[in-house]
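Q: Dumping the structure here so I can ask a few things about it.
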2 protein chains.
Amino acid sequence: MQNKLVLENVKGTRDTHPEEMLIKEEIINKINKIFKSYGFVPLATPALEKYELLASKSAGGSDIDKETYNFEISGRKLALKYDQTVPLSRYIGMNSHLTLPFKRYQYDRSWRYGDIGPGRYREFYQFDIDIVGSSSMIAEAEILSAIVDVMKELGIKGFKIRVSNRKLLDEIVLKTGIKKINNKDIFRAIDKLEKIGEECVINELEKIGLTKTISKEILKYINLRGKPEKVLVELEKNFKETKGYAELKELADYAEHFGIIKYLDYDISIARGLDYYTGPVFETNVEELNLGSICSGGRYDNMIGMFSGKAIPATGISLGIDRIIDTMKRLNLIKERKTATQIMVCTVKNELLKESIKISKELRENGFNVEVDLMNKSLKNQIKYADKQCIQKIIIIGEKELAENKITIRNLETSKEKTVLKQKLLEELRI
Amino acid sequence: MQNKLVLENVKGTRDTHPEEMLIKEEIINKINKIFKSYGFVPLATPALEKYELLASKSAGGSDIDKETYNFEISGRKLALKYDQTVPLSRYIGMNSHLTLPFKRYQYDRSWRYGDIGPGRYREFYQFDIDIVGSSSMIAEAEILSAIVDVMKELGIKGFKIRVSNRKLLDEIVLKTGIKKINNKDIFRAIDKLEKIGEECVINELEKIGLTKTISKEILKYINLRGKPEKVLVELEKNFKETKGYAELKELADYAEHFGIIKYLDYDISIARGLDYYTGPVFETNVEELNLGSICSGGRYDNMIGMFSGKAIPATGISLGIDRIIDTMKRLNLIKERKTATQIMVCTVKNELLKESIKISKELRENGFNVEVDLMNKSLKNQIKYADKQCIQKIIIIGEKELAENKITIRNLETSKEKTVLKQKLLEELRI
């Protein structure tokens, strides 16, 4: 005999309920539209990739063994992708005929087999945008301009895109004369600044071999934050001849042209944990909320080349859709709905179902979302169902009214009711 | 040293290129809209499920071991879902508060570890619609009505929805007096009728223990096909008192009300391979093409109850999106595009980029999809790029024209060019 099956989600995964999906669909459509307006095209890559690709030195390295869902099947080791960037790099490598710049958007799942917690899942959705082929800072400016458009379209105010630069961070470390320490270890410590505070970062840096004096000198620059113009003036004093400074300067100029400079904060403390970044890096925060970044990314000029054998620059950003929805909820920008149905056509008795189907069809053809009873319910229970689903209006079809060519409309929100001639129905509903 | 990585997709999976994704996105949006107009709501369930759920007797049974991607991780056996129906049934079981009927649509991937071939992948996409909670044939009629709307919206003509009924098939077998043979084995043989022909089916039936005479008697009914009215007249002679006949009769009545009867063919040979069907089953074919069914499904009144311990009827259909796209291509209903970009703003020299960014911004605000050069290309190469991408119009910004507050528009399809005042630009583009 079969044991009773416990119905549950796999740990770290979840169902997205209709209420949330209705919102998500709307948001994704808006974001799609904006990226299309900049010439981005959609792409889909499979969930499964060869493990050796995801674990290659150019991608996640062998560290990913414990952090991915991976398994062997018929002698082949496969894994579920942990991001959209490595598959994109593979795609570019496999399709050398692509016209550059290749600008693509992709809304998809990723999987990471890591710790779970509030808002932290093992299966999660991201909306990724990347520009492949351009080394100019206009690519970054265009991506950030599109992000600003998305925020505006979604009604999110009070956000700042915080920009730093990996080259500049390298140059800051170089200036202190440190050698033999892997800059990436330093950046990983710096990346925690906001989370753990200055003192803890200095302790972490001490552990990897930096003296307090040097750490403090580094942190002097790291702590620079403010309007691009202001931060650039400070950086000019010591880094004028560096590539990192030049990129931040060029990006500010383009951002000015795109009309988005006021949404940018130059914040040198942004380092981003991932190893593969090579230039500007971004995080986006809504200032009044303490939610972490909702859009993050940066330039990665070396990764694609390591796969394809041909150096191809690239930059991109990832929108954390669940966090964006969370942000919008906290800012009261979302009205939750159980359904998109606007009208329920009810019948006084079941024999009138034919008539209700006919009317529902006509209403659909005129752009309304309409339901009819599918369960042979009494009128009372039909109305109860409509009420539970928060359907705003019902139409009641009664025998007597029908004989007079009439129909009743009731607004369940206001409880107002009106009986009108059938041919006036559409007109009435549009009021 | 790392070996050179071979860049390739996991066997049986593929990338969906932008050209195809642009089409897919458009189609999915249209289908979403139609199902919303009938009161369906979206749902998402994870890719991973507990293996014991997918392999439970109520779902796929232990046969699925070889047909799914499954693996153990930290002592738990997981699998990638092979359809959307089993996860839906789990969802219903876990959410007993749901208002019935629960009508949901879901566009998602599934994975089957089986044979691959042309158009046959191990990772594939389906658009599923189900109505949970109604045992009335109006549920079937509504689903088929929505399918008809989808076909109309996509411009697909000459399709027929072929309808049979599992109860009727049981009754046909019962009539022959056969016992001790699993009906499901018989149906699996019958399901191949179209593919392998009558003689081969009779051979297959002989193998499982049916005499030729009995097989031929079964096939007499199985071969009934035609307008619902005509087939019902034939069935009435021998099956008038059966549930299967009653359901087909009721469905035809509702289909009449929904105005979709002319799109239905009653075709008793449709058996559907899956074990879990209990009532009407459907397949949809475009008659002039020999492509197999593009929308298939049926009623499964027992499955959800086996999970949730509470009997809940359900019916649904699955749209094979890739086959639908294939159908539309063959019917010349699709114009492939490389991009959704309508206009490229080009500059005679790089110093004018500021101006081109400004104009592109204005055009975007007015609803156009616009690109600017991101790669510091010469005008010639900018035009070459636009041409390669099949962008219809370009705008050329030159120093001389700009000084006169003018701008040049060129149609790359017709090669016609026009220089207009900047303030006339929008007006000109809208022509």
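We label chains A, B, ... in the order they appear in the structure tokens, count residues from 1 in each chain, and number ligands from 1 in the order shown.
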Could you pull out the residues in region 249-291 of chain B that DSSP calls strand (DSSP E) from the backbone, as a VMD selection string?

A: chain B and resid 264 to 267 280 to 286

Q: Name the residues in contact with Lys349 (chain B) at a cut-off of 8 Å, using only C-alpha atoms, excluding same-chain residues fewer than 6 positions from it; report them as a PyMOL selection string.

A: chain B and resi 378-379+398

Q: Would you mind listing, as a ChimeraX atom specification, all residues of chain B that have at least one atom within 7 Å of chain A, where only C-alpha atoms are what counts?

A: /B:7,9-10,13-18,21-22,36-39,41-46,48-50,71,90,94,134,136,138-139,257-258,339-341,354,357-358,364,368-371,374-375

Q: Choose the residue, out of B:Ile317, B:Ile325, B:Ile396, B:Ile268, that has the smallest atom-to-atom separation from Gly226 (chain B); count only C-alpha atoms.

A: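 Under the stated criterion, the closest residue is B:Ile268.
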
Q: Can you tell me how far CA of Asp65 (chain B) sits from CA of Asn182 (chain B), in Å to one decimal?

A: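 Result for CA of Asp65 (chain B) versus CA of Asn182 (chain B): 22.5 Å, one decimal.
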
Q: For Asp301 (chain A), work out the shell of residues within 8 Å, counting only C-alpha atoms and skipping chain neighbours fewer than 5 positions away, then give it as an MDAnalysis selection string.

A: chainID A and resid 135 277:279 311:315

Q: Could you find all residues in region 48-131 of chain A that DSSP calls alpha helix (DSSP H) from the backbone, and write them as a PyMOL selection string?

A: chain A and resi 51-54+85-94

Q: Could you write out that same residue set with C-alpha atoms as a compact mmCIF listing (two decimals), in the first residue's frame?

A:
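The resulting again.txt:
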# COMPACT_ATOMS: atom_id res chain seq x y z
CA TYR A 51 27.86 21.18 -15.36
CA GLU A 52 31.32 21.74 -16.80
CA LEU A 53 30.11 24.99 -18.37
CA LEU A 54 28.63 26.38 -15.14
CA THR A 85 24.71 35.55 -17.63
CA VAL A 86 26.70 32.36 -18.09
CA PRO A 87 24.10 30.85 -20.48
CA LEU A 88 24.08 34.17 -22.39
CA SER A 89 27.86 33.97 -22.71
CA ARG A 90 27.56 30.40 -24.01
CA TYR A 91 24.89 31.57 -26.46
CA ILE A 92 27.13 34.34 -27.79
CA GLY A 93 29.98 31.86 -28.13
CA MET A 94 27.78 29.45 -30.09

Q: List the spatial neighbours of Leu224 (chain B) as a ChimeraX atom specification - criterion: any atom at most 12 Å away, only C-alpha atoms, same-chain residues fewer than 3 positions off excluded.

A: /B:162-164,169,217-221,227-235,265-270

Q: Quick one: distance from CA of Phe239 (chain A) to CA of Ile202 (chain A) in Å, one decimal?

A: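 CA of Phe239 (chain A) sits 23.0 Å away from CA of Ile202 (chain A).
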
Q: Can you tell me how far CA of Glu247 (chain A) sits from CA of Pro280 (chain A), in Å to one decimal?

A: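 We find that CA of Glu247 (chain A) and CA of Pro280 (chain A) lie 7.6 Å from each other.
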
Q: With distances taken over only C-alpha atoms, which of B:Lys237, B:Lys207, B:Arg323, B:His97 is nearest to Asp185 (chain B)?

A: B:Lys207
